$ cat my_file.cif   # mmCIF, C-alpha atoms
data_run
loop_
_atom_site.label_atom_id
_atom_site.label_comp_id
_atom_site.auth_asym_id
_atom_site.auth_seq_id
_atom_site.Cartn_x
_atom_site.Cartn_y
_atom_site.Cartn_z
CA MET A 1 17.96 29.47 44.83
CA SER A 2 21.14 31.36 45.67
CA LYS A 3 19.87 33.47 48.53
CA LEU A 4 17.80 31.92 51.26
CA ILE A 5 15.36 34.81 51.20
CA SER A 6 14.83 35.88 47.61
CA ASP A 7 12.59 38.76 46.55
CA LYS A 8 9.82 36.37 45.62
CA THR A 9 9.91 34.72 49.02
CA LYS A 10 9.80 38.11 50.69
CA GLU A 11 6.74 38.98 48.62
CA ILE A 12 5.10 35.69 49.61
CA PHE A 13 5.69 36.55 53.26
CA LEU A 14 4.69 40.22 53.23
CA GLY A 15 1.65 39.95 50.93
CA PRO A 16 -0.68 38.32 53.46
CA LEU A 17 0.26 40.84 56.14
CA GLY A 18 -1.18 43.75 54.18
CA LYS A 19 -2.67 43.81 50.67
CA ASN A 20 -3.68 40.17 50.65
CA ASN A 21 -4.65 39.69 54.27
CA PRO A 22 -6.47 36.38 54.84
CA VAL A 23 -9.10 37.89 57.16
CA THR A 24 -9.90 41.32 55.76
CA VAL A 25 -9.34 40.70 52.06
CA GLN A 26 -9.74 36.99 51.37
CA VAL A 27 -12.48 36.63 54.05
CA LEU A 28 -11.11 33.38 55.40
CA GLY A 29 -11.06 32.12 58.96
CA ILE A 30 -13.55 34.63 60.29
CA CYS A 31 -15.24 32.28 62.77
CA SER A 32 -12.39 31.91 65.18
CA ALA A 33 -11.10 35.44 64.53
CA LEU A 34 -14.28 36.80 66.06
CA ALA A 35 -14.94 34.33 68.80
CA VAL A 36 -11.65 34.30 70.71
CA THR A 37 -10.96 38.03 70.73
CA SER A 38 -12.70 39.20 73.89
CA LYS A 39 -9.38 38.93 75.78
CA LEU A 40 -5.83 39.50 74.55
CA GLU A 41 -4.23 36.32 75.89
CA PRO A 42 -6.38 33.72 74.11
CA ALA A 43 -6.13 35.80 70.93
CA ILE A 44 -2.33 35.64 71.02
CA VAL A 45 -2.33 31.90 71.74
CA MET A 46 -4.87 31.31 68.97
CA GLY A 47 -2.85 33.38 66.49
CA LEU A 48 0.34 31.48 67.29
CA SER A 49 -1.37 28.08 67.12
CA VAL A 50 -2.88 28.86 63.74
CA THR A 51 0.46 30.17 62.42
CA ILE A 52 2.28 27.01 63.49
CA ILE A 53 -0.39 24.72 62.09
CA VAL A 54 -0.66 26.55 58.74
CA ALA A 55 3.12 26.62 58.30
CA PHE A 56 3.68 22.96 59.06
CA SER A 57 0.63 21.58 57.26
CA ASN A 58 1.72 23.63 54.24
CA VAL A 59 5.15 21.96 54.37
CA ILE A 60 3.73 18.46 54.78
CA ILE A 61 1.19 18.82 51.97
CA SER A 62 3.80 20.42 49.75
CA LEU A 63 6.14 17.47 50.30
CA LEU A 64 3.32 15.05 49.52
CA ARG A 65 1.84 17.05 46.66
CA ASN A 66 3.04 14.75 43.87
CA THR A 67 1.83 11.58 45.52
CA ILE A 68 -1.67 12.65 46.60
CA PRO A 69 -4.37 11.38 44.20
CA ASN A 70 -6.43 14.34 43.07
CA ARG A 71 -9.82 12.85 43.96
CA ILE A 72 -9.13 12.33 47.65
CA ARG A 73 -6.92 15.36 48.27
CA ILE A 74 -9.44 17.12 50.53
CA ILE A 75 -9.56 14.14 52.89
CA VAL A 76 -5.75 13.85 52.92
CA GLN A 77 -5.47 17.55 53.73
CA LEU A 78 -8.06 17.28 56.50
CA VAL A 79 -6.26 14.33 58.09
CA VAL A 80 -2.88 16.11 58.05
CA VAL A 81 -4.44 19.23 59.59
CA ALA A 82 -6.43 17.25 62.15
CA ALA A 83 -3.29 15.43 63.28
CA LEU A 84 -1.42 18.73 63.75
CA VAL A 85 -4.37 20.31 65.57
CA THR A 86 -4.53 17.33 67.93
CA VAL A 87 -0.84 17.79 68.75
CA VAL A 88 -1.25 21.52 69.40
CA SER A 89 -4.39 20.95 71.47
CA GLU A 90 -2.66 18.34 73.66
CA ILE A 91 0.34 20.65 74.15
CA LEU A 92 -1.94 23.51 75.18
CA LYS A 93 -3.81 21.27 77.62
CA ALA A 94 -0.50 20.26 79.18
CA PHE A 95 1.24 23.63 79.41
CA ALA A 96 -1.46 26.31 79.25
CA TYR A 97 -4.58 24.70 80.66
CA ASP A 98 -6.44 27.94 81.50
CA VAL A 99 -6.10 29.27 77.98
CA SER A 100 -7.13 25.98 76.45
CA VAL A 101 -10.32 26.07 78.56
CA GLN A 102 -11.06 29.61 77.37
CA LEU A 103 -10.52 28.66 73.75
CA SER A 104 -12.76 25.59 74.25
CA VAL A 105 -14.03 24.30 70.92
CA TYR A 106 -12.24 26.90 68.83
CA ILE A 107 -8.93 25.03 69.00
CA GLY A 108 -10.64 22.03 67.46
CA LEU A 109 -12.23 24.31 64.92
CA ILE A 110 -8.81 25.24 63.51
CA ILE A 111 -9.29 22.05 61.47
CA THR A 112 -12.13 23.64 59.56
CA ASN A 113 -10.53 27.08 59.49
CA CYS A 114 -10.83 28.16 55.89
CA ILE A 115 -7.35 29.73 55.93
CA LEU A 116 -5.85 26.28 56.22
CA MET A 117 -7.85 24.64 53.45
CA GLY A 118 -7.49 27.75 51.32
CA ARG A 119 -3.70 27.89 51.60
CA LEU A 120 -3.30 24.13 51.17
CA GLU A 121 -5.46 24.11 48.04
CA ALA A 122 -4.21 27.32 46.51
CA PHE A 123 -0.55 27.30 47.46
CA ALA A 124 0.92 24.13 48.97
CA MET A 125 -0.50 21.82 46.29
CA SER A 126 1.53 23.59 43.60
CA ASN A 127 4.65 25.00 45.30
CA LYS A 128 7.92 23.84 46.85
CA PRO A 129 8.15 23.14 50.60
CA TRP A 130 10.24 26.20 51.53
CA GLU A 131 7.96 28.67 49.77
CA SER A 132 4.93 26.92 51.24
CA PHE A 133 6.43 27.27 54.71
CA VAL A 134 6.97 31.01 54.21
CA ASP A 135 3.47 31.38 52.78
CA GLY A 136 2.06 29.59 55.83
CA LEU A 137 3.98 31.86 58.18
CA GLY A 138 2.86 34.97 56.29
CA ASN A 139 -0.80 34.00 56.34
CA GLY A 140 -0.62 32.89 59.94
CA PHE A 141 0.83 36.23 61.02
CA GLY A 142 -1.61 38.11 58.81
CA TYR A 143 -4.40 36.35 60.68
CA ALA A 144 -2.74 36.77 64.08
CA TRP A 145 -2.29 40.52 63.83
CA ILE A 146 -5.98 41.09 63.10
CA LEU A 147 -6.86 38.94 66.12
CA VAL A 148 -4.45 40.78 68.37
CA ALA A 149 -5.63 44.20 67.16
CA VAL A 150 -9.30 43.36 67.76
CA ALA A 151 -8.57 41.73 71.12
CA PHE A 152 -6.46 44.73 72.22
CA PHE A 153 -9.34 47.16 71.80
CA ARG A 154 -11.97 44.80 73.17
CA GLU A 155 -10.04 44.01 76.34
CA LEU A 156 -8.89 47.61 76.86
CA THR A 157 -12.34 49.16 76.53
CA GLY A 158 -14.38 46.21 77.74
CA SER A 159 -12.49 45.16 80.86
CA GLY A 160 -10.04 48.05 81.30
CA SER A 161 -7.13 45.63 81.33
CA LEU A 162 -4.47 44.19 79.01
CA LEU A 163 -3.34 40.56 79.33
CA GLY A 164 -5.19 40.56 82.64
CA PHE A 165 -3.35 43.57 84.15
CA LYS A 166 -5.40 46.63 85.02
CA VAL A 167 -4.17 49.50 82.86
CA ILE A 168 -6.90 52.05 83.49
CA PRO A 169 -6.03 53.75 86.77
CA GLN A 170 -8.38 53.51 89.73
CA ALA A 171 -8.78 57.29 89.77
CA PHE A 172 -10.62 57.11 86.43
CA TYR A 173 -13.22 54.77 87.90
CA GLN A 174 -13.67 57.08 90.89
CA ALA A 175 -14.19 59.96 88.50
CA GLY A 176 -17.09 58.04 86.98
CA TYR A 177 -15.46 56.05 84.16
CA VAL A 178 -17.28 52.78 83.47
CA ASN A 179 -16.06 49.80 81.46
CA ASN A 180 -18.00 49.38 78.25
CA GLY A 181 -19.66 46.01 78.77
CA LEU A 182 -20.92 46.00 75.19
CA MET A 183 -17.37 45.49 73.92
CA ILE A 184 -17.23 42.06 75.55
CA LEU A 185 -20.33 40.86 73.69
CA PRO A 186 -19.79 38.92 70.44
CA PRO A 187 -21.30 41.46 67.98
CA MET A 188 -18.70 44.13 68.77
CA ALA A 189 -15.96 41.91 67.32
CA LEU A 190 -17.76 42.19 63.99
CA ILE A 191 -17.93 45.97 64.23
CA LEU A 192 -14.23 46.24 65.06
CA VAL A 193 -13.26 44.00 62.14
CA ALA A 194 -15.52 46.13 59.94
CA CYS A 195 -13.61 49.23 61.11
CA ILE A 196 -10.26 47.57 60.28
CA ILE A 197 -11.61 46.70 56.83
CA TRP A 198 -12.82 50.28 56.41
CA ILE A 199 -9.43 51.80 57.22
CA HIS A 200 -7.60 49.18 55.18
CA ARG A 201 -9.73 49.76 52.08
CA ALA A 202 -9.72 53.51 52.44
CA ARG A 203 -5.92 53.37 52.19
CA ASN A 204 -5.75 50.73 49.44
CA LYS A 205 -8.27 52.01 46.89
CA GLU A 206 -7.79 49.06 44.53
CA LEU A 207 -9.37 46.75 47.10
CA GLN A 208 -12.70 48.58 47.13
CA GLU A 209 -15.66 46.75 45.64
CA LYS A 210 -17.48 48.40 42.71
CA MET B 1 -40.45 15.17 74.80
CA GLU B 2 -40.59 18.57 76.51
CA ASN B 3 -36.87 18.38 76.98
CA LEU B 4 -36.28 17.78 73.28
CA ALA B 5 -38.44 20.75 72.31
CA SER B 6 -36.63 23.02 74.72
CA ILE B 7 -33.21 21.99 73.37
CA PHE B 8 -34.51 22.56 69.85
CA VAL B 9 -35.82 26.08 70.52
CA LYS B 10 -32.80 27.01 72.61
CA SER B 11 -30.33 26.05 69.90
CA ILE B 12 -32.24 28.11 67.35
CA PHE B 13 -32.49 31.35 69.31
CA VAL B 14 -30.31 31.43 72.41
CA ASP B 15 -27.28 29.47 71.23
CA ASN B 16 -27.57 30.52 67.62
CA MET B 17 -24.57 29.15 65.71
CA ILE B 18 -23.92 32.41 63.89
CA PHE B 19 -24.75 35.12 66.39
CA ALA B 20 -23.55 33.51 69.60
CA PHE B 21 -20.57 31.48 68.37
CA PHE B 22 -19.73 32.76 64.86
CA LEU B 23 -19.66 29.24 63.47
CA GLY B 24 -19.74 28.80 59.72
CA MET B 25 -19.00 32.48 59.12
CA CYS B 26 -16.94 31.96 55.96
CA SER B 27 -19.68 30.41 53.88
CA TYR B 28 -22.24 32.58 55.68
CA LEU B 29 -20.61 35.73 54.32
CA ALA B 30 -19.71 34.27 50.94
CA VAL B 31 -23.05 32.73 49.97
CA SER B 32 -25.51 35.28 51.38
CA LYS B 33 -25.86 37.47 48.30
CA LYS B 34 -29.15 35.95 47.12
CA VAL B 35 -32.07 34.57 49.13
CA SER B 36 -32.62 31.56 46.87
CA THR B 37 -29.03 30.25 47.05
CA SER B 38 -28.85 30.92 50.77
CA ILE B 39 -31.95 28.80 51.36
CA GLY B 40 -30.22 26.00 49.43
CA LEU B 41 -27.10 26.21 51.57
CA GLY B 42 -29.14 26.45 54.77
CA ILE B 43 -31.08 23.29 53.95
CA ALA B 44 -27.84 21.50 53.09
CA VAL B 45 -26.41 22.50 56.48
CA ILE B 46 -29.48 21.20 58.35
CA PHE B 47 -29.25 17.99 56.36
CA VAL B 48 -25.57 17.33 57.03
CA LEU B 49 -25.73 18.45 60.69
CA GLY B 50 -28.72 16.17 61.24
CA ILE B 51 -26.79 13.20 59.90
CA THR B 52 -23.24 13.74 61.18
CA LEU B 53 -23.99 14.95 64.70
CA PRO B 54 -25.91 11.83 65.84
CA LEU B 55 -23.21 9.68 64.21
CA ASN B 56 -20.49 11.52 66.08
CA TYR B 57 -22.57 11.24 69.25
CA LEU B 58 -22.56 7.47 68.92
CA LEU B 59 -18.83 7.53 68.16
CA GLU B 60 -18.16 9.68 71.20
CA ASN B 61 -20.20 7.53 73.57
CA TYR B 62 -19.34 4.08 72.33
CA VAL B 63 -15.73 4.50 71.21
CA LEU B 64 -13.99 7.64 72.36
CA LYS B 65 -15.02 8.52 75.92
CA GLU B 66 -13.17 7.14 78.89
CA GLY B 67 -14.56 3.67 79.50
CA ALA B 68 -16.78 3.91 76.43
CA LEU B 69 -15.32 0.74 74.98
CA ALA B 70 -16.38 -1.30 78.02
CA TRP B 71 -19.11 -2.96 75.91
CA LEU B 72 -16.33 -4.65 73.92
CA SER B 73 -14.38 -6.20 76.76
CA ASP B 74 -13.59 -5.49 80.39
CA ASP B 75 -9.97 -4.83 79.48
CA PHE B 76 -10.93 -1.52 77.88
CA LYS B 77 -12.68 -0.05 80.92
CA THR B 78 -9.95 2.50 81.58
CA LEU B 79 -9.15 3.29 77.97
CA ASP B 80 -9.57 6.96 77.03
CA LEU B 81 -9.37 7.67 73.32
CA SER B 82 -10.71 11.22 73.41
CA TYR B 83 -7.52 12.62 71.89
CA LEU B 84 -8.59 10.95 68.65
CA ALA B 85 -11.82 12.97 68.60
CA PHE B 86 -10.72 15.64 66.11
CA ILE B 87 -9.47 13.19 63.50
CA LEU B 88 -12.43 10.84 63.78
CA PHE B 89 -15.05 13.61 63.78
CA ILE B 90 -13.63 15.27 60.69
CA ALA B 91 -13.28 11.90 58.97
CA VAL B 92 -16.94 11.12 59.66
CA ILE B 93 -17.98 14.56 58.42
CA ALA B 94 -15.91 14.38 55.24
CA ALA B 95 -17.04 10.85 54.48
CA MET B 96 -20.70 11.60 55.22
CA THR B 97 -20.76 14.69 53.01
CA GLN B 98 -19.34 12.60 50.17
CA LEU B 99 -21.96 9.90 50.76
CA VAL B 100 -24.82 12.35 51.10
CA GLU B 101 -23.72 14.04 47.91
CA MET B 102 -23.71 10.75 46.02
CA ALA B 103 -27.06 9.66 47.48
CA VAL B 104 -28.72 12.98 46.70
CA GLU B 105 -27.33 12.91 43.17
CA LYS B 106 -28.67 9.40 42.62
CA PHE B 107 -32.12 9.65 44.15
CA THR B 108 -33.23 13.28 43.94
CA PRO B 109 -31.54 14.94 40.97
CA SER B 110 -33.67 18.07 41.36
CA LEU B 111 -32.45 18.63 44.93
CA TYR B 112 -28.92 17.90 43.76
CA ALA B 113 -29.18 20.55 41.09
CA SER B 114 -30.03 23.17 43.70
CA LEU B 115 -27.67 21.97 46.47
CA GLY B 116 -24.97 20.46 44.27
CA ILE B 117 -22.21 23.01 44.56
CA PHE B 118 -22.72 23.57 48.29
CA LEU B 119 -22.52 20.01 49.53
CA PRO B 120 -18.74 19.52 49.14
CA LEU B 121 -18.16 22.97 50.65
CA ILE B 122 -19.99 21.90 53.77
CA ALA B 123 -17.29 19.43 54.81
CA VAL B 124 -15.16 22.39 55.84
CA ASN B 125 -18.00 24.47 57.26
CA CYS B 126 -17.14 25.25 60.88
CA ALA B 127 -20.80 24.95 61.89
CA ILE B 128 -20.75 21.19 61.26
CA MET B 129 -17.49 20.50 63.11
CA GLY B 130 -18.49 23.02 65.79
CA GLY B 131 -21.79 21.22 66.31
CA SER B 132 -19.96 17.97 66.99
CA LEU B 133 -17.48 19.63 69.35
CA PHE B 134 -20.25 21.38 71.28
CA MET B 135 -22.11 18.07 71.48
CA GLN B 136 -18.96 16.59 73.06
CA GLN B 137 -18.78 19.50 75.51
CA LYS B 138 -22.46 19.53 76.44
CA ALA B 139 -22.52 15.74 77.00
CA PHE B 140 -26.14 15.08 75.99
CA ALA B 141 -27.85 12.23 77.80
CA THR B 142 -29.60 10.58 74.86
CA LEU B 143 -29.28 10.29 71.12
CA GLY B 144 -32.61 12.10 70.79
CA GLU B 145 -31.29 15.17 72.57
CA ALA B 146 -28.21 15.27 70.36
CA THR B 147 -30.35 14.99 67.23
CA SER B 148 -32.70 17.71 68.37
CA TYR B 149 -29.68 19.94 69.10
CA ALA B 150 -28.35 19.22 65.60
CA LEU B 151 -31.63 20.08 63.88
CA GLY B 152 -32.13 23.19 66.00
CA SER B 153 -28.64 24.49 65.24
CA GLY B 154 -29.21 23.86 61.56
CA VAL B 155 -32.53 25.73 61.57
CA GLY B 156 -30.90 28.60 63.45
CA TRP B 157 -28.18 28.78 60.83
CA LEU B 158 -30.75 28.75 58.01
CA LEU B 159 -32.69 31.55 59.71
CA ALA B 160 -29.57 33.66 60.07
CA ILE B 161 -28.37 33.23 56.49
CA VAL B 162 -31.78 33.85 54.92
CA GLY B 163 -32.19 36.98 57.04
CA LEU B 164 -28.80 38.34 56.01
CA ALA B 165 -29.39 37.50 52.35
CA ALA B 166 -32.71 39.37 52.41
CA ILE B 167 -31.06 42.44 53.93
CA ARG B 168 -28.20 42.31 51.45
CA GLU B 169 -30.61 42.13 48.53
CA LYS B 170 -32.23 45.36 49.72
CA MET B 171 -28.84 46.93 50.41
CA GLU B 172 -27.96 46.77 46.71
CA TYR B 173 -29.91 49.99 46.31
CA SER B 174 -28.33 51.96 49.14
CA ASP B 175 -25.38 54.29 48.89
CA VAL B 176 -22.69 52.85 51.16
CA PRO B 177 -19.34 54.68 51.59
CA ALA B 178 -16.92 53.19 49.05
CA PRO B 179 -14.40 51.52 51.44
CA LEU B 180 -17.22 49.85 53.38
CA ARG B 181 -18.99 48.50 50.31
CA GLY B 182 -19.34 44.74 50.14
CA LEU B 183 -17.57 43.08 53.04
CA GLY B 184 -17.45 45.94 55.54
CA ILE B 185 -21.13 46.78 55.55
CA THR B 186 -22.01 43.08 55.68
CA PHE B 187 -20.01 42.76 58.89
CA ILE B 188 -21.86 45.68 60.42
CA THR B 189 -25.21 44.25 59.33
CA VAL B 190 -24.37 40.90 60.94
CA ALA B 191 -23.30 42.72 64.11
CA LEU B 192 -26.63 44.57 64.30
CA MET B 193 -28.54 41.32 63.71
CA GLY B 194 -26.40 39.78 66.44
CA ILE B 195 -27.29 42.55 68.87
CA ALA B 196 -30.97 41.94 68.12
CA PHE B 197 -30.47 38.24 68.83
CA MET B 198 -28.83 39.09 72.17
CA ALA B 199 -32.37 39.79 73.37
CA PHE B 200 -32.84 36.02 73.59
CA SER B 201 -29.74 35.43 75.70
CA GLY B 202 -30.37 34.31 79.24
CA LEU B 203 -33.82 33.12 78.28
CA LYS B 204 -34.83 30.09 80.34
CA ILE B 205 -36.90 27.64 78.39
#

$ encode --input "my_file.cif" --output "structure tokens"
Amino acid sequence: MSKLISDKTKEIFLGPLGKNNPVTVQVLGICSALAVTSKLEPAIVMGLSVTIIVAFSNVIISLLRNTIPNRIRIIVQLVVVAALVTVVSEILKAFAYDVSVQLSVYIGLIITNCILMGRLEAFAMSNKPWESFVDGLGNGFGYAWILVAVAFFRELTGSGSLLGFKVIPQAFYQAGYVNNGLMILPPMALILVACIIWIHRARNKELQEK
Amino acid sequence: MENLASIFVKSIFVDNMIFAFFLGMCSYLAVSKKVSTSIGLGIAVIFVLGITLPLNYLLENYVLKEGALAWLSDDFKTLDLSYLAFILFIAVIAAMTQLVEMAVEKFTPSLYASLGIFLPLIAVNCAIMGGSLFMQQKAFATLGEATSYALGSGVGWLLAIVGLAAIREKMEYSDVPAPLRGLGITFITVALMGIAFMAFSGLKI
């Protein structure tokens, strides 16, 4: 490896952001993607946490990949992920308590996030640590940008604010504008993700099913 | 007894795993193409939830919680091991799914043939882990309440996946815009089912 960032590595990083997005194409990690997106702030924190955990668990599993017995690999992977999630959860409790309360069980559920198991199984078990790290970052960001996009629209239309700051001017409300309470409810996250999938597949025809 | 029934009904309709919390979405979307397979997965989820959640409840109350180890010795009265919850819960779940799989294979081969492929998948189903984490958050008073919550959540999940599978079977014949076909329209269907289920929210039982 002469260059630090070869073309292949670049491909590994950029793939998950677009054509091979973990949420909209591979359908992984939907649970948390939908549940934490009613406000922008928890969505950003969740996206970052998942990115960090995927990247580092990918590195650890990739370093261990030749010593893990095949039969118990799932349990080994789960333990590595659970340890990292515990660390992230304790850090969040210490430095961002409010957000960790909002995220409630979904931080713990990163353990069973399919993106993690999927990447560990499909990539880290058969690739070198550096590439696995880049793959983890790519998939983490691919997941994070969907979360942030959905949360942006839900917070803007549902509460009229972004990151907690009011962005819709008071004059609008006096003129009769009302926040769309429906956007805060869980089902609207599904509809927004469906719209992202629609746009994404309309532009990449090869992704369309039958 | 009344209490148990109310927790059971509430976890099916009001706190439905899928529509209120989106737990277990990955396998929910992936395995809901046919009614028969989705029934298999639903039953497997009830089964595993019903076994792992009470186990984790005991673990939480007799090992992990602050002062939970007091039954062992007075020295442990102030010990708080709750930071170990994630690792222990997932270990119990992974181990139990392995055990259940082996037991089912040994004693009821016919059930194994229909559930077989789904059982290992369930270890990483968010609904199972989520059930245990919600149990920790809700702090149930007795083992019975935790079990009834587990069974109710499982039945709610089964209901949701069978409903979606039935709709998707019918949808085979409809003309969906090409970019929405498959995943997109399934999302919208789930959203509409979710809105219907919102009718139960706020219900006091």

$ residues_around --input "my_file.cif" --residues "Phe13 (chain A)" --least-positions-apart "6" --cutoff "8 Å" --atoms "only C-alpha atoms" --output "PyMOL selection string"
chain A and resi 134-135+137-139

$ closest_residue --input "my_file.cif" --among "B:Ala103, B:Ile43, B:Ala191, B:Leu53" --to "Gln136 (chain B)" --atoms "only C-alpha atoms"
B:Leu53

$ closest_atom_pairs --input "my_file.cif" --of "chain B" --to "chain A" --cutoff "7 Å" --atoms "only C-alpha atoms" --output "tab-separated table"
residue	atom	partner	partner_atom	distance
B:Ala20	CA	A:Pro186	CA	6.6
B:Phe21	CA	A:Ala35	CA	6.3
B:Phe22	CA	A:Cys31	CA	5.0
B:Leu23	CA	A:Cys31	CA	5.4
B:Gly24	CA	A:Cys31	CA	6.5
B:Met25	CA	A:Cys31	CA	5.2
B:Cys26	CA	A:Leu28	CA	6.0
B:Tyr83	CA	A:Thr86	CA	6.8
B:Phe86	CA	A:Ala82	CA	6.1
B:Ile87	CA	A:Ala82	CA	5.2
B:Ala94	CA	A:Ile75	CA	6.8
B:Val124	CA	A:Thr112	CA	5.0
B:Asn125	CA	A:Thr112	CA	6.4
B:Cys126	CA	A:Thr112	CA	5.4
B:Met129	CA	A:Leu109	CA	6.7
B:Gly130	CA	A:Leu109	CA	6.5
B:Leu133	CA	A:Val105	CA	6.0
B:Phe134	CA	A:Val105	CA	6.9
B:Ala178	CA	A:Gln208	CA	6.5
B:Pro179	CA	A:Arg201	CA	5.0
B:Leu180	CA	A:Trp198	CA	5.4
B:Arg181	CA	A:Glu209	CA	6.0
B:Gly182	CA	A:Glu209	CA	6.2
B:Gly184	CA	A:Ala194	CA	4.8
B:Phe187	CA	A:Leu190	CA	5.6
B:Ile188	CA	A:Ile191	CA	5.5
B:Ala191	CA	A:Pro187	CA	4.5
B:Gly194	CA	A:Pro187	CA	5.6
B:Ile195	CA	A:Pro187	CA	6.2

$ atom_distance --input "my_file.cif" --atom1 "CA of Asp80 (chain B)" --atom2 "CA of Ala146 (chain B)"
21.5 Å

$ atom_distance --input "my_file.cif" --atom1 "CA of Ala199 (chain B)" --atom2 "CA of Ser148 (chain B)"
22.6 Å

$ closest_residue --input "my_file.cif" --among "A:Ile68, A:Ala144, A:Leu120, A:Ala94" --to "Ser49 (chain A)" --atoms "all atoms listed in the file"
A:Ala144

$ resolve_selection --input "my_file.cif" --expression "the PyMOL selection byres ((chain B and resi 5) around 12)" --output "VMD selection string"
chain B and resid 1 to 4 6 to 12 144 to 149 151 to 152 205

$ residues_near_point --input "my_file.cif" --point "(-22.8, 24.5, 65.6)" --cutoff "6 Å" --atoms "only C-alpha atoms" --output "MDAnalysis selection string"
chainID B and resid 17 127:128 130:131 153

$ closest_residue --input "my_file.cif" --among "A:Phe152, A:Gly164, A:Ala124, A:Gly136" --to "Gly15 (chain A)" --atoms "all atoms listed in the file"
A:Gly136

$ resolve_selection --input "my_file.cif" --expression "the PyMOL selection byres ((chain A and resi 131) around 12)" --output "VMD selection string"
chain A and resid 1 4 to 13 55 to 56 58 to 59 62 to 63 119 123 to 130 132 to 138

$ write_last_selection --input "my_file.cif" --atoms "C-alpha atoms" --output "PDB file, in the coordinates of the input"
ATOM      1  CA  MET A   1      17.960  29.470  44.830  1.00  0.00           C
ATOM      2  CA  LEU A   4      17.800  31.920  51.260  1.00  0.00           C
ATOM      3  CA  ILE A   5      15.360  34.810  51.200  1.00  0.00           C
ATOM      4  CA  SER A   6      14.830  35.880  47.610  1.00  0.00           C
ATOM      5  CA  ASP A   7      12.590  38.760  46.550  1.00  0.00           C
ATOM      6  CA  LYS A   8       9.820  36.370  45.620  1.00  0.00           C
ATOM      7  CA  THR A   9       9.910  34.720  49.020  1.00  0.00           C
ATOM      8  CA  LYS A  10       9.800  38.110  50.690  1.00  0.00           C
ATOM      9  CA  GLU A  11       6.740  38.980  48.620  1.00  0.00           C
ATOM     10  CA  ILE A  12       5.100  35.690  49.610  1.00  0.00           C
ATOM     11  CA  PHE A  13       5.690  36.550  53.260  1.00  0.00           C
ATOM     12  CA  ALA A  55       3.120  26.620  58.300  1.00  0.00           C
ATOM     13  CA  PHE A  56       3.680  22.960  59.060  1.00  0.00           C
ATOM     14  CA  ASN A  58       1.720  23.630  54.240  1.00  0.00           C
ATOM     15  CA  VAL A  59       5.150  21.960  54.370  1.00  0.00           C
ATOM     16  CA  SER A  62       3.800  20.420  49.750  1.00  0.00           C
ATOM     17  CA  LEU A  63       6.140  17.470  50.300  1.00  0.00           C
ATOM     18  CA  ARG A 119      -3.700  27.890  51.600  1.00  0.00           C
ATOM     19  CA  PHE A 123      -0.550  27.300  47.460  1.00  0.00           C
ATOM     20  CA  ALA A 124       0.920  24.130  48.970  1.00  0.00           C
ATOM     21  CA  MET A 125      -0.500  21.820  46.290  1.00  0.00           C
ATOM     22  CA  SER A 126       1.530  23.590  43.600  1.00  0.00           C
ATOM     23  CA  ASN A 127       4.650  25.000  45.300  1.00  0.00           C
ATOM     24  CA  LYS A 128       7.920  23.840  46.850  1.00  0.00           C
ATOM     25  CA  PRO A 129       8.150  23.140  50.600  1.00  0.00           C
ATOM     26  CA  TRP A 130      10.240  26.200  51.530  1.00  0.00           C
ATOM     27  CA  SER A 132       4.930  26.920  51.240  1.00  0.00           C
ATOM     28  CA  PHE A 133       6.430  27.270  54.710  1.00  0.00           C
ATOM     29  CA  VAL A 134       6.970  31.010  54.210  1.00  0.00           C
ATOM     30  CA  ASP A 135       3.470  31.380  52.780  1.00  0.00           C
ATOM     31  CA  GLY A 136       2.060  29.590  55.830  1.00  0.00           C
ATOM     32  CA  LEU A 137       3.980  31.860  58.180  1.00  0.00           C
ATOM     33  CA  GLY A 138       2.860  34.970  56.290  1.00  0.00           C
TER      34      GLY A 138
END

$ atom_distance --input "my_file.cif" --atom1 "CA of Leu183 (chain B)" --atom2 "CA of Leu164 (chain B)"
12.5 Å

$ resolve_selection --input "my_file.cif" --expression "the PyMOL selection byres ((chain B and resi 79) around 6)" --output "list in words"
Glu66, Gly67, Phe76, Lys77, Thr78 and Asp80 of chain B

$ write_last_selection --input "my_file.cif" --atoms "C-alpha atoms" --output "PDB file, keeping the file's coordinate frame"
ATOM      1  CA  GLU B  66     -13.170   7.140  78.890  1.00  0.00           C
ATOM      2  CA  GLY B  67     -14.560   3.670  79.500  1.00  0.00           C
ATOM      3  CA  PHE B  76     -10.930  -1.520  77.880  1.00  0.00           C
ATOM      4  CA  LYS B  77     -12.680  -0.050  80.920  1.00  0.00           C
ATOM      5  CA  THR B  78      -9.950   2.500  81.580  1.00  0.00           C
ATOM      6  CA  ASP B  80      -9.570   6.960  77.030  1.00  0.00           C
TER       7      ASP B  80
END

$ closest_residue --input "my_file.cif" --among "A:Ser38, A:Gln102, A:Asn70, A:Asn180" --to "Ala151 (chain A)" --atoms "only C-alpha atoms"
A:Ser38

$ closest_residue --input "my_file.cif" --among "A:Val45, A:Ala122, A:Val148, A:Leu92" --to "Leu162 (chain A)" --atoms "all atoms listed in the file"
A:Val148

$ closest_residue --input "my_file.cif" --among "A:Gly140, A:Gly181, A:Pro169, A:Pro42" --to "Asp98 (chain A)" --atoms "all atoms listed in the file"
A:Pro42

$ residues_near_point --input "my_file.cif" --point "(-23.0, 11.6, 67.5)" --cutoff "10 Å" --atoms "only C-alpha atoms" --output "list in words"
Gly50, Ile51, Thr52, Leu53, Pro54, Leu55, Asn56, Tyr57, Leu58, Leu59, Glu60, Asn61, Tyr62, Phe89, Val92, Gly131, Ser132, Leu133, Met135, Gln136, Phe140, Thr142, Leu143, Ala146, Thr147 and Ala150 of chain B
